[in-house]
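Content type compact mmCIF, C-alpha atoms, from the file entry.txt:
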# COMPACT_ATOMS: atom_id res chain seq x y z
CA MET A 291 79.31 68.40 104.64
CA ALA A 292 77.15 71.21 103.30
CA ARG A 293 78.46 70.77 99.77
CA ASP A 294 77.38 67.13 99.67
CA MET A 295 73.90 67.71 101.05
CA SER A 296 70.81 67.94 98.89
CA ASP A 297 68.68 71.09 99.02
CA LYS A 298 66.10 69.18 101.02
CA GLU A 299 68.64 68.01 103.60
CA ILE A 300 69.96 71.54 103.99
CA LEU A 301 66.44 72.91 104.48
CA LYS A 302 65.68 70.21 107.07
CA MET A 303 68.87 71.08 108.93
CA GLU A 304 67.97 74.78 108.91
CA LEU A 305 64.43 74.05 110.04
CA GLU A 306 65.55 71.95 113.01
CA GLN A 307 68.00 74.67 113.98
CA LEU A 308 65.34 77.39 113.78
CA GLN A 309 62.97 75.33 115.94
CA LYS A 310 65.66 75.21 118.61
CA GLU A 311 66.63 78.89 118.37
CA VAL A 312 63.09 80.22 118.70
CA LYS A 313 63.10 78.75 122.23
CA ASN A 314 66.31 80.56 123.34
CA THR A 315 66.01 82.96 126.27
CA ARG A 316 66.81 86.58 125.50
CA GLU A 317 67.29 89.76 127.46
CA PRO A 318 66.21 93.27 126.49
CA VAL A 319 68.76 95.39 124.64
CA SER A 320 68.31 98.19 127.19
CA LYS A 321 69.81 95.88 129.83
CA THR A 322 72.54 94.19 127.78
CA ALA A 323 73.66 97.38 125.99
CA LYS A 324 73.99 99.12 129.34
CA GLU A 325 76.16 96.28 130.63
CA ILE A 326 78.37 96.38 127.54
CA CYS A 327 78.85 100.14 127.99
CA GLU A 328 79.69 99.71 131.68
CA TRP A 329 82.20 96.96 130.93
CA VAL A 330 83.92 99.09 128.27
CA GLU A 331 84.09 102.14 130.52
CA ALA A 332 85.65 100.11 133.31
CA GLN A 333 88.31 98.76 130.94
CA SER A 334 88.95 101.90 128.86
CA ALA A 335 91.30 103.34 131.44
CA GLU A 336 93.62 100.42 130.83
CA ASP A 337 93.30 100.31 127.03
CA PRO A 338 96.76 101.20 125.68
CA LEU A 339 95.47 102.25 122.27
CA ILE A 340 93.04 104.72 123.87
CA LYS A 341 94.99 106.18 126.75
CA GLY A 342 98.28 106.07 124.89
CA VAL A 343 101.55 104.68 126.13
CA PRO A 344 104.59 106.89 126.77
CA GLU A 345 107.24 106.60 124.05
CA ASP A 346 109.79 105.05 126.36
CA LYS A 347 107.45 102.36 127.69
CA ASN A 348 106.03 101.09 124.40
CA PRO A 349 108.44 98.75 122.63
CA PHE A 350 106.85 99.51 119.28
CA LYS A 351 107.12 103.23 119.52
CA GLU A 352 110.86 103.45 119.82
CA LYS A 353 112.88 101.26 117.52
CA GLY A 354 115.91 99.68 119.13
CA GLY A 355 114.72 100.44 122.63
CA CYS A 356 116.06 98.56 125.62
CA ILE A 357 114.08 95.39 126.24
CA ILE A 358 114.55 93.16 129.24
CA THR A 359 113.76 89.58 128.28
CA MET B 146 56.64 52.69 100.88
CA ALA B 147 58.16 55.88 102.27
CA SER B 148 60.37 56.41 99.23
CA GLN B 149 57.43 55.97 96.86
CA GLU B 150 55.44 58.68 98.63
CA GLU B 151 58.36 61.07 98.59
CA SER B 152 59.25 60.54 94.95
CA SER B 153 55.66 61.14 93.84
CA GLN B 154 55.60 64.62 95.40
CA PRO B 155 59.20 65.84 95.83
CA SER B 156 58.54 69.52 95.10
CA ASP B 157 55.73 69.70 97.66
CA THR B 158 58.01 68.49 100.41
CA LEU B 159 60.65 71.10 99.46
CA THR B 160 58.04 73.85 99.33
CA THR B 161 56.55 72.78 102.67
CA LEU B 162 59.97 72.82 104.27
CA LYS B 163 60.71 76.26 102.80
CA THR B 164 57.41 77.71 104.03
CA GLU B 165 57.91 76.27 107.51
CA SER B 166 61.42 77.71 107.54
CA GLU B 167 60.21 81.16 106.51
CA THR B 168 57.48 81.10 109.15
CA LEU B 169 59.96 80.17 111.86
CA LYS B 170 62.44 82.82 110.70
CA THR B 171 59.70 85.45 110.96
CA LYS B 172 58.73 84.20 114.42
CA LEU B 173 62.38 84.30 115.53
CA GLU B 174 62.72 87.89 114.30
CA GLU B 175 59.50 88.84 116.10
CA GLU B 176 60.75 87.37 119.37
CA ARG B 177 64.04 89.21 118.96
CA ALA B 178 62.30 92.48 118.03
CA LYS B 179 60.19 92.39 121.21
CA LEU B 180 63.34 92.95 123.26
CA HIS B 181 64.83 95.53 120.90
CA ASP B 182 63.71 98.40 123.08
CA VAL B 183 66.66 100.70 122.53
CA GLU B 184 69.70 101.18 120.27
CA LEU B 185 73.25 100.68 121.57
CA HIS B 186 74.34 104.15 120.44
CA GLN B 187 71.43 105.67 122.37
CA VAL B 188 72.56 103.97 125.57
CA ALA B 189 76.06 105.20 124.74
CA GLU B 190 75.08 108.84 124.32
CA LYS B 191 76.07 109.73 127.86
CA ILE B 192 79.55 108.29 127.40
CA GLU B 193 82.34 110.76 126.80
CA ALA B 194 83.47 110.94 123.20
CA LEU B 195 86.97 109.72 122.49
CA GLY B 196 89.59 112.36 121.89
CA GLN B 197 91.84 112.56 118.86
CA PHE B 198 94.47 109.93 118.88
CA VAL B 199 97.35 109.14 116.63
CA ILE B 200 97.99 105.64 115.42
CA LYS B 201 100.66 105.07 112.84
CA THR B 202 102.78 102.36 111.31
CA ARG B 203 105.67 101.66 113.66
CA ARG B 204 107.16 98.64 111.91
CA THR B 205 106.89 97.16 108.43
CA LEU B 206 107.66 93.46 108.13
CA LYS B 207 109.01 92.69 104.66
CA GLY B 208 109.96 89.27 103.50
CA HIS B 209 106.97 87.50 102.03
CA GLY B 210 107.23 87.08 98.28
CA ASN B 211 103.50 87.16 97.75
CA LYS B 212 100.15 88.13 99.34
CA VAL B 213 99.99 87.85 103.13
CA LEU B 214 96.78 85.98 103.94
CA CYS B 215 96.82 85.45 107.69
CA MET B 216 98.68 86.31 110.86
CA ASP B 217 98.56 85.61 114.58
CA TRP B 218 100.32 86.95 117.68
CA CYS B 219 102.26 84.85 120.14
CA LYS B 220 101.20 85.23 123.79
CA ASP B 221 104.61 86.84 124.44
CA LYS B 222 103.21 89.96 122.67
CA ARG B 223 106.22 90.26 120.43
CA ARG B 224 106.32 87.30 118.08
CA ILE B 225 104.07 86.95 115.08
CA VAL B 226 103.39 84.14 112.63
CA SER B 227 102.22 84.99 109.13
CA SER B 228 101.32 82.93 106.06
CA SER B 229 101.21 83.76 102.41
CA GLN B 230 99.90 82.82 98.97
CA ASP B 231 103.27 81.43 97.93
CA GLY B 232 103.20 78.78 100.64
CA LYS B 233 105.61 80.45 103.06
CA VAL B 234 104.96 80.64 106.79
CA ILE B 235 107.25 83.06 108.67
CA VAL B 236 107.73 83.69 112.39
CA TRP B 237 108.86 87.27 113.13
CA ASP B 238 110.09 89.17 116.14
CA ALA B 239 107.88 92.24 115.75
CA PHE B 240 110.10 94.41 117.99
CA THR B 241 113.19 93.97 115.83
CA THR B 242 111.47 92.92 112.53
CA ASN B 243 113.85 89.92 112.36
CA LYS B 244 112.62 86.66 110.89
CA GLU B 245 113.11 83.85 113.36
CA HIS B 246 111.76 80.88 111.41
CA ALA B 247 110.52 80.17 107.92
CA VAL B 248 108.74 77.11 106.56
CA THR B 249 107.67 76.37 103.03
CA MET B 250 104.37 74.51 102.89
CA PRO B 251 103.75 71.98 100.11
CA CYS B 252 100.73 73.99 98.96
CA THR B 253 100.00 77.56 97.92
CA TRP B 254 97.39 79.86 99.50
CA VAL B 255 98.13 79.20 103.14
CA MET B 256 94.96 80.92 104.33
CA ALA B 257 95.22 80.06 107.98
CA CYS B 258 97.91 80.19 110.61
CA ALA B 259 97.93 80.29 114.39
CA TYR B 260 100.44 80.47 117.24
CA ALA B 261 100.20 77.83 119.97
CA PRO B 262 99.52 79.19 123.48
CA SER B 263 102.91 77.91 124.69
CA GLY B 264 104.70 79.79 121.90
CA CYS B 265 106.45 76.55 120.96
CA ALA B 266 104.54 75.68 117.81
CA VAL B 267 102.53 77.11 114.95
CA ALA B 268 99.64 75.64 112.97
CA CYS B 269 98.83 76.40 109.35
CA GLY B 270 96.99 75.18 106.28
CA GLY B 271 95.11 76.20 103.18
CA LEU B 272 94.63 74.62 99.77
CA ASP B 273 96.08 71.36 101.06
CA ASN B 274 92.78 70.90 102.98
CA LYS B 275 94.79 70.15 106.09
CA CYS B 276 95.93 71.85 109.26
CA SER B 277 99.50 70.98 110.19
CA VAL B 278 101.43 71.78 113.35
CA TYR B 279 105.14 72.68 113.27
CA PRO B 280 107.04 72.65 116.58
CA LEU B 281 109.37 75.67 116.65
CA SER B 282 112.94 74.75 117.26
CA LEU B 283 115.47 76.95 119.06
CA ASP B 284 118.05 75.70 116.60
CA LYS B 285 117.82 78.05 113.61
CA ASN B 286 119.44 75.51 111.34
CA GLU B 287 116.94 72.78 112.02
CA ASN B 288 114.58 71.93 109.21
CA LEU B 289 111.13 72.66 110.66
CA ALA B 290 109.37 70.81 107.87
CA ALA B 291 110.84 67.53 109.08
CA LYS B 292 108.92 67.70 112.37
CA LYS B 293 105.61 68.62 110.74
CA LYS B 294 102.51 66.93 112.13
CA SER B 295 99.30 66.71 110.08
CA VAL B 296 96.38 67.19 112.42
CA ALA B 297 93.18 68.12 110.61
CA MET B 298 91.78 66.75 107.35
CA HIS B 299 88.94 68.49 105.60
CA THR B 300 87.45 67.81 102.18
CA ASN B 301 88.06 71.36 101.01
CA TYR B 302 90.36 74.28 101.79
CA LEU B 303 91.25 75.24 105.35
CA SER B 304 90.04 78.81 105.94
CA ALA B 305 90.92 79.34 109.61
CA CYS B 306 92.48 77.57 112.56
CA CYS B 307 93.09 78.33 116.19
CA PHE B 308 94.43 76.49 119.22
CA THR B 309 92.03 76.17 122.12
CA ASN B 310 93.35 76.97 125.58
CA SER B 311 96.27 74.57 125.24
CA ASP B 312 98.62 73.25 122.57
CA MET B 313 96.63 70.00 122.60
CA GLN B 314 93.54 70.93 120.62
CA ILE B 315 92.89 72.86 117.42
CA LEU B 316 89.68 74.27 116.04
CA THR B 317 89.40 74.52 112.24
CA SER B 318 86.96 75.89 109.66
CA SER B 319 86.81 74.88 106.04
CA GLY B 320 85.47 75.49 102.56
CA ASP B 321 83.69 72.15 103.00
CA GLY B 322 81.09 73.96 105.15
CA THR B 323 82.09 72.50 108.50
CA CYS B 324 84.18 73.34 111.55
CA ALA B 325 85.93 70.71 113.62
CA LEU B 326 87.83 70.24 116.86
CA TRP B 327 90.96 68.02 116.72
CA ASP B 328 93.34 66.41 119.16
CA VAL B 329 96.84 67.46 118.08
CA GLU B 330 98.68 64.41 119.40
CA SER B 331 96.53 61.74 117.75
CA GLY B 332 95.06 63.77 114.87
CA GLN B 333 91.64 62.49 115.91
CA MET B 334 88.52 64.57 115.30
CA LEU B 335 86.90 65.21 118.68
CA GLN B 336 83.82 67.06 117.47
CA SER B 337 82.41 68.34 114.22
CA PHE B 338 80.11 71.27 113.66
CA HIS B 339 77.54 71.15 110.87
CA GLY B 340 75.07 73.91 110.13
CA HIS B 341 76.55 76.27 107.58
CA ALA B 342 75.08 75.92 104.11
CA ALA B 343 78.28 77.00 102.35
CA ASP B 344 82.02 77.59 102.93
CA VAL B 345 82.96 78.60 106.47
CA LEU B 346 85.48 81.45 106.21
CA CYS B 347 86.37 82.36 109.78
CA LEU B 348 86.10 81.47 113.42
CA ASP B 349 86.95 82.83 116.85
CA LEU B 350 87.10 81.16 120.24
CA ALA B 351 85.23 82.74 123.16
CA PRO B 352 87.44 84.27 125.89
CA SER B 353 88.22 81.44 128.30
CA GLU B 354 86.17 82.89 131.14
CA THR B 355 82.97 82.62 129.15
CA GLY B 356 83.07 78.91 128.59
CA ASN B 357 83.32 76.52 125.72
CA THR B 358 81.85 78.29 122.73
CA PHE B 359 83.11 79.66 119.46
CA VAL B 360 81.64 81.71 116.63
CA SER B 361 81.99 81.06 112.89
CA GLY B 362 81.08 83.04 109.77
CA GLY B 363 80.54 81.86 106.22
CA CYS B 364 79.61 82.36 102.61
CA ASP B 365 76.00 81.65 103.56
CA LYS B 366 76.00 85.12 105.24
CA LYS B 367 75.42 83.45 108.61
CA ALA B 368 77.32 83.77 111.83
CA CYS B 369 76.84 80.79 114.16
CA VAL B 370 77.69 80.37 117.84
CA TRP B 371 78.56 76.76 118.75
CA ASP B 372 78.77 74.69 121.93
CA MET B 373 82.16 72.96 121.65
CA ARG B 374 81.17 70.02 123.82
CA THR B 375 77.93 69.03 122.11
CA GLY B 376 78.59 70.22 118.57
CA GLN B 377 75.27 72.09 118.60
CA CYS B 378 74.69 75.50 117.13
CA ILE B 379 73.30 77.64 119.94
CA GLN B 380 72.46 80.84 118.10
CA SER B 381 72.73 82.05 114.54
CA PHE B 382 72.52 85.46 112.92
CA GLU B 383 71.74 86.19 109.30
CA THR B 384 71.74 89.96 108.80
CA HIS B 385 74.76 90.44 106.54
CA GLU B 386 74.12 90.76 102.83
CA SER B 387 77.20 88.88 101.69
CA ASP B 388 80.01 86.56 102.81
CA ILE B 389 81.23 87.00 106.37
CA ASN B 390 85.04 87.15 106.18
CA SER B 391 85.90 87.68 109.81
CA VAL B 392 84.34 87.20 113.25
CA ARG B 393 85.81 88.29 116.57
CA TYR B 394 84.50 87.99 120.12
CA TYR B 395 84.08 91.12 122.21
CA PRO B 396 86.61 91.02 125.11
CA SER B 397 83.86 90.36 127.68
CA GLY B 398 82.53 87.42 125.67
CA ASP B 399 78.96 88.79 125.60
CA ALA B 400 79.06 89.91 121.99
CA PHE B 401 80.98 89.48 118.75
CA ALA B 402 81.78 91.58 115.68
CA SER B 403 81.81 90.52 112.06
CA GLY B 404 83.28 91.92 108.85
CA SER B 405 81.71 91.18 105.49
CA ASP B 406 81.92 91.59 101.73
CA ASP B 407 78.80 93.77 102.05
CA ALA B 408 81.22 96.54 103.23
CA THR B 409 79.83 96.60 106.77
CA CYS B 410 81.00 95.43 110.14
CA ARG B 411 78.32 94.53 112.67
CA LEU B 412 78.06 93.89 116.39
CA TYR B 413 75.88 91.05 117.71
CA ASP B 414 74.83 90.96 121.35
CA LEU B 415 74.65 87.32 122.48
CA ARG B 416 72.36 87.86 125.45
CA ALA B 417 69.89 90.04 123.56
CA ASP B 418 70.27 87.56 120.71
CA ARG B 419 70.41 90.21 117.98
CA GLU B 420 72.48 92.58 115.91
CA VAL B 421 72.90 95.81 117.88
CA ALA B 422 75.15 97.94 115.68
CA ILE B 423 76.19 98.37 112.06
CA TYR B 424 79.48 100.09 111.25
CA SER B 425 79.17 101.46 107.75
CA LYS B 426 79.42 104.57 105.62
CA GLU B 427 78.18 105.32 102.13
CA SER B 428 81.75 106.00 101.12
CA ILE B 429 82.87 102.52 102.17
CA ILE B 430 81.98 100.20 99.32
CA PHE B 431 84.65 97.51 99.55
CA GLY B 432 84.40 94.44 101.73
CA ALA B 433 85.83 94.21 105.23
CA SER B 434 88.21 91.29 105.38
CA SER B 435 89.27 91.29 109.01
CA VAL B 436 88.15 92.80 112.34
CA ASP B 437 89.46 92.97 115.90
CA PHE B 438 88.71 94.88 119.10
CA SER B 439 91.03 97.01 121.17
CA PHE B 440 91.74 95.78 124.71
CA SER B 441 88.65 97.43 126.26
CA GLY B 442 86.35 96.76 123.34
CA ARG B 443 85.80 100.48 122.80
CA LEU B 444 87.48 100.45 119.39
CA LEU B 445 86.90 98.11 116.46
CA PHE B 446 89.62 97.94 113.83
CA GLY B 447 88.51 96.80 110.38
CA GLY B 448 90.81 95.95 107.48
CA TYR B 449 89.19 96.48 104.09
CA ASN B 450 89.66 95.47 100.47
CA ASP B 451 90.14 99.15 99.51
CA TYR B 452 93.57 98.99 101.22
CA THR B 453 92.49 100.98 104.30
CA ILE B 454 91.88 100.29 107.97
CA ASN B 455 88.86 101.96 109.54
CA VAL B 456 88.77 102.53 113.29
CA TRP B 457 85.22 102.52 114.74
CA ASP B 458 83.87 103.71 118.09
CA VAL B 459 82.04 100.48 118.99
CA LEU B 460 79.51 102.10 121.35
CA LYS B 461 78.64 105.23 119.42
CA GLY B 462 78.80 103.61 116.00
CA THR B 463 80.94 106.34 114.46
CA ARG B 464 84.20 106.13 112.57
CA MET B 465 87.12 107.55 114.56
CA SER B 466 89.89 107.29 112.04
CA ILE B 467 90.95 105.92 108.68
CA LEU B 468 94.47 104.53 108.36
CA PHE B 469 96.37 104.47 105.08
CA GLY B 470 99.60 102.70 104.31
CA HIS B 471 99.01 99.37 102.68
CA GLU B 472 99.30 99.24 98.92
CA ASN B 473 96.81 96.48 98.37
CA ARG B 474 93.92 94.75 100.19
CA VAL B 475 94.24 94.34 103.93
CA SER B 476 93.63 90.63 104.42
CA THR B 477 94.25 90.04 108.11
CA LEU B 478 94.34 92.12 111.31
CA ARG B 479 94.93 91.23 114.97
CA VAL B 480 95.41 93.33 118.09
CA SER B 481 98.34 92.21 120.25
CA PRO B 482 97.56 90.18 123.40
CA ASP B 483 98.09 93.14 125.72
CA GLY B 484 96.44 95.67 123.41
CA THR B 485 99.50 97.88 122.92
CA ALA B 486 99.50 97.53 119.14
CA PHE B 487 97.84 95.78 116.24
CA CYS B 488 99.25 94.07 113.19
CA SER B 489 97.79 94.10 109.69
CA GLY B 490 98.77 91.88 106.77
CA SER B 491 98.11 92.71 103.15
CA TRP B 492 98.14 91.56 99.54
CA ASP B 493 101.02 94.06 99.16
CA ASN B 494 103.20 91.27 100.70
CA THR B 495 103.90 93.17 103.92
CA LEU B 496 102.73 93.27 107.50
CA ARG B 497 102.52 96.50 109.46
CA ILE B 498 102.55 97.06 113.22
CA TRP B 499 100.46 100.06 114.28
CA ALA B 500 100.60 101.76 117.67
Can you give me the file's structure in the form of structure tokens?
Amino acid sequence: MARDMSDKEILKMELEQLQKEVKNTREPVSKTAKEICEWVEAQSAEDPLIKGVPEDKNPFKEKGGCIIT
Amino acid sequence: MASQEESSQPSDTLTTLKTESETLKTKLEEERAKLHDVELHQVAEKIEALGQFVIKTRRTLKGHGNKVLCMDWCKDKRRIVSSSQDGKVIVWDAFTTNKEHAVTMPCTWVMACAYAPSGCAVACGGLDNKCSVYPLSLDKNENLAAKKKSVAMHTNYLSACCFTNSDMQILTSSGDGTCALWDVESGQMLQSFHGHAADVLCLDLAPSETGNTFVSGGCDKKACVWDMRTGQCIQSFETHESDINSVRYYPSGDAFASGSDDATCRLYDLRADREVAIYSKESIIFGASSVDFSFSGRLLFGGYNDYTINVWDVLKGTRMSILFGHENRVSTLRVSPDGTAFCSGSWDNTLRIWA
């Protein structure tokens, strides 16, 4: 547990972790950002908080509405 | 022998380790910077701006006698479990605002609670250092506390918990600096995750399609992504300037957001291996306690210690809206499973459903 480790042990742990992470493969932001944007745009049409839901369809909008369970 | 050498020059070893660490950190940042060829908001320039939209409080859930610390949605998109400083855990029907179950924990500050995927149980814990599972009975008169099952044991407070893809396993994070994966039936620890240098405050499981990873955030200002099978930390990010209170995966699983006491929320791209956006304003000076994405990932909702909820355009980096209503810190915030609403819990003892 971190709280029980000495400063030296914590530093060693961080060092080993850094040695591993430096070797990770990475992709350019221009590629990954573009993919994030594309994913969002594809999903946005279905996002209820963006496109809005008609009052009668959203159970939260009308209190005491008819709900089929 | 070895111990004699070390004790004669202990400070040198520490200094050497520190220098090596700093060198590696710089190298890691250089490698990451090489691929930082554009900003997210630049790529997002061509995207249509979002129009005005109205989100308001549609329900207020009153019943807790003290600060609400945590909440979670049931997969049925209508039930909610919430936990409070006074030790009470309540299950609500958010449509009707009725309380369906209530349990009193033997400890105060129940900082974590979670709904099981089946909807048949809830998990919770806090200052008792444990995570316990309560099966939910259909019989309202049944004493839930009698069926309680202690699953996780940490050596310090439980800060967050969440079921994996089934009712059978729970992931926990703790003030003892570790996270752990537990088998609910036997209470056995299946895997432990060491790497944080201080309290771990939050965690989130990757969407099931993306595989067995989860992200955690802590008082060491680090966010770590873990491989659940091996217990190894795959990537870590240290750009926040203070405690990370909340982490949440992007719906596609390729990124995650964080909220911190440094008053910013940030977006980290896992494939580019770097921070790609900061959501902040000079006027926002209080910490963000809790973050979650809308269904498409276009909006990021952040609950803050200044009692407000800020709504951010994730891609463009701008603030869309600021929501008022709570009368004390917003401590917890989750979007419903189908994205039709989100729920916020506060130190004002209430929960609000916004849609």
Find the residues around A:Thr322 up to 8 Å (all atoms listed in the file counted), leave out those fewer than 6 positions away in its own chain, and share them as JSON, numbers by chain. {"B": [414, 416, 417]}
Specify as JSON, numbers by chain all residues of chain A found within 8 Å of chain B, counting all atoms listed in the file. {"A": [291, 292, 293, 298, 300, 301, 302, 303, 304, 305, 307, 308, 309, 311, 312, 316, 317, 318, 319, 320, 322, 323, 324, 326, 327, 329, 330, 331, 333, 334, 336, 337, 338, 339, 340, 343, 348, 349, 350, 351, 353, 354]}
Assuming 8 Å of padding per side, give the centre and edge lengths of the axis-aligned box around every listed atom of stretch 191-206 of chain B, in Å to one decimal and as AutoDock Vina command-line options.
--center_x 91.9 --center_y 103.0 --center_z 118.0 --size_x 47.6 --size_y 35.1 --size_z 35.7
Which residues, written as a short mmCIF file (atom, residue, chain, number, x, y, z; two decimals) with C-alpha atoms, in the coordinates of the input, have at least one atom at most 12 Å from B:Leu316, with all atoms listed in the file counted and residues fewer than 2 positions away on the same chain left out?
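Saved the output as part.cif:
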data_model
loop_
_atom_site.label_atom_id
_atom_site.label_comp_id
_atom_site.auth_asym_id
_atom_site.auth_seq_id
_atom_site.Cartn_x
_atom_site.Cartn_y
_atom_site.Cartn_z
CA ALA B 257 95.22 80.06 107.98
CA CYS B 258 97.91 80.19 110.61
CA ALA B 259 97.93 80.29 114.39
CA ALA B 261 100.20 77.83 119.97
CA ALA B 268 99.64 75.64 112.97
CA CYS B 269 98.83 76.40 109.35
CA LYS B 275 94.79 70.15 106.09
CA CYS B 276 95.93 71.85 109.26
CA SER B 277 99.50 70.98 110.19
CA VAL B 296 96.38 67.19 112.42
CA ALA B 297 93.18 68.12 110.61
CA MET B 298 91.78 66.75 107.35
CA HIS B 299 88.94 68.49 105.60
CA LEU B 303 91.25 75.24 105.35
CA SER B 304 90.04 78.81 105.94
CA ALA B 305 90.92 79.34 109.61
CA CYS B 306 92.48 77.57 112.56
CA CYS B 307 93.09 78.33 116.19
CA PHE B 308 94.43 76.49 119.22
CA THR B 309 92.03 76.17 122.12
CA ASN B 310 93.35 76.97 125.58
CA SER B 311 96.27 74.57 125.24
CA ASP B 312 98.62 73.25 122.57
CA MET B 313 96.63 70.00 122.60
CA GLN B 314 93.54 70.93 120.62
CA SER B 318 86.96 75.89 109.66
CA SER B 319 86.81 74.88 106.04
CA THR B 323 82.09 72.50 108.50
CA CYS B 324 84.18 73.34 111.55
CA ALA B 325 85.93 70.71 113.62
CA LEU B 326 87.83 70.24 116.86
CA TRP B 327 90.96 68.02 116.72
CA ASP B 328 93.34 66.41 119.16
CA VAL B 329 96.84 67.46 118.08
CA GLY B 332 95.06 63.77 114.87
CA GLN B 333 91.64 62.49 115.91
CA MET B 334 88.52 64.57 115.30
CA LEU B 335 86.90 65.21 118.68
CA GLN B 336 83.82 67.06 117.47
CA SER B 337 82.41 68.34 114.22
CA PHE B 338 80.11 71.27 113.66
CA CYS B 347 86.37 82.36 109.78
CA LEU B 348 86.10 81.47 113.42
CA ASP B 349 86.95 82.83 116.85
CA LEU B 350 87.10 81.16 120.24
CA ALA B 351 85.23 82.74 123.16
CA ASN B 357 83.32 76.52 125.72
CA THR B 358 81.85 78.29 122.73
CA PHE B 359 83.11 79.66 119.46
CA VAL B 360 81.64 81.71 116.63
CA SER B 361 81.99 81.06 112.89
CA TRP B 371 78.56 76.76 118.75
CA MET B 373 82.16 72.96 121.65
#
Residues within 7 Å of B:His209, all atoms listed in the file, excluding chain neighbours under 3 positions, as a ChimeraX atom specification: /B:229,494-495
Selection near B:Ala422, 7 Å with all atoms listed in the file, sequence-local residues under 5 positions removed, as a list in words: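 Here the qualifying residues turn out to be Leu185, Arg411, Leu412 and Gly462 of chain B.
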Distance in Å - atom CA of B:Leu289 versus atom CA of B:Asp493: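 Atom CA of B:Asp493 lies at a distance of 26.3 Å from atom CA of B:Leu289.
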Separation of atom CA of B:Phe382 and atom CA of B:Ser403, in Å?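 Going from atom CA of B:Phe382 over to atom CA of B:Ser403, I get 10.6 Å.
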Computed interatomic separation between atom CA of B:Gly210 and atom CA of B:Asp231 (Å):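 Atom CA of B:Asp231 lies 6.9 Å from atom CA of B:Gly210.
Closest to B:Ala368 among B:Asp437, B:Glu245, B:Glu354, B:Glu383 is B:Glu383, based on all atoms listed in the file.
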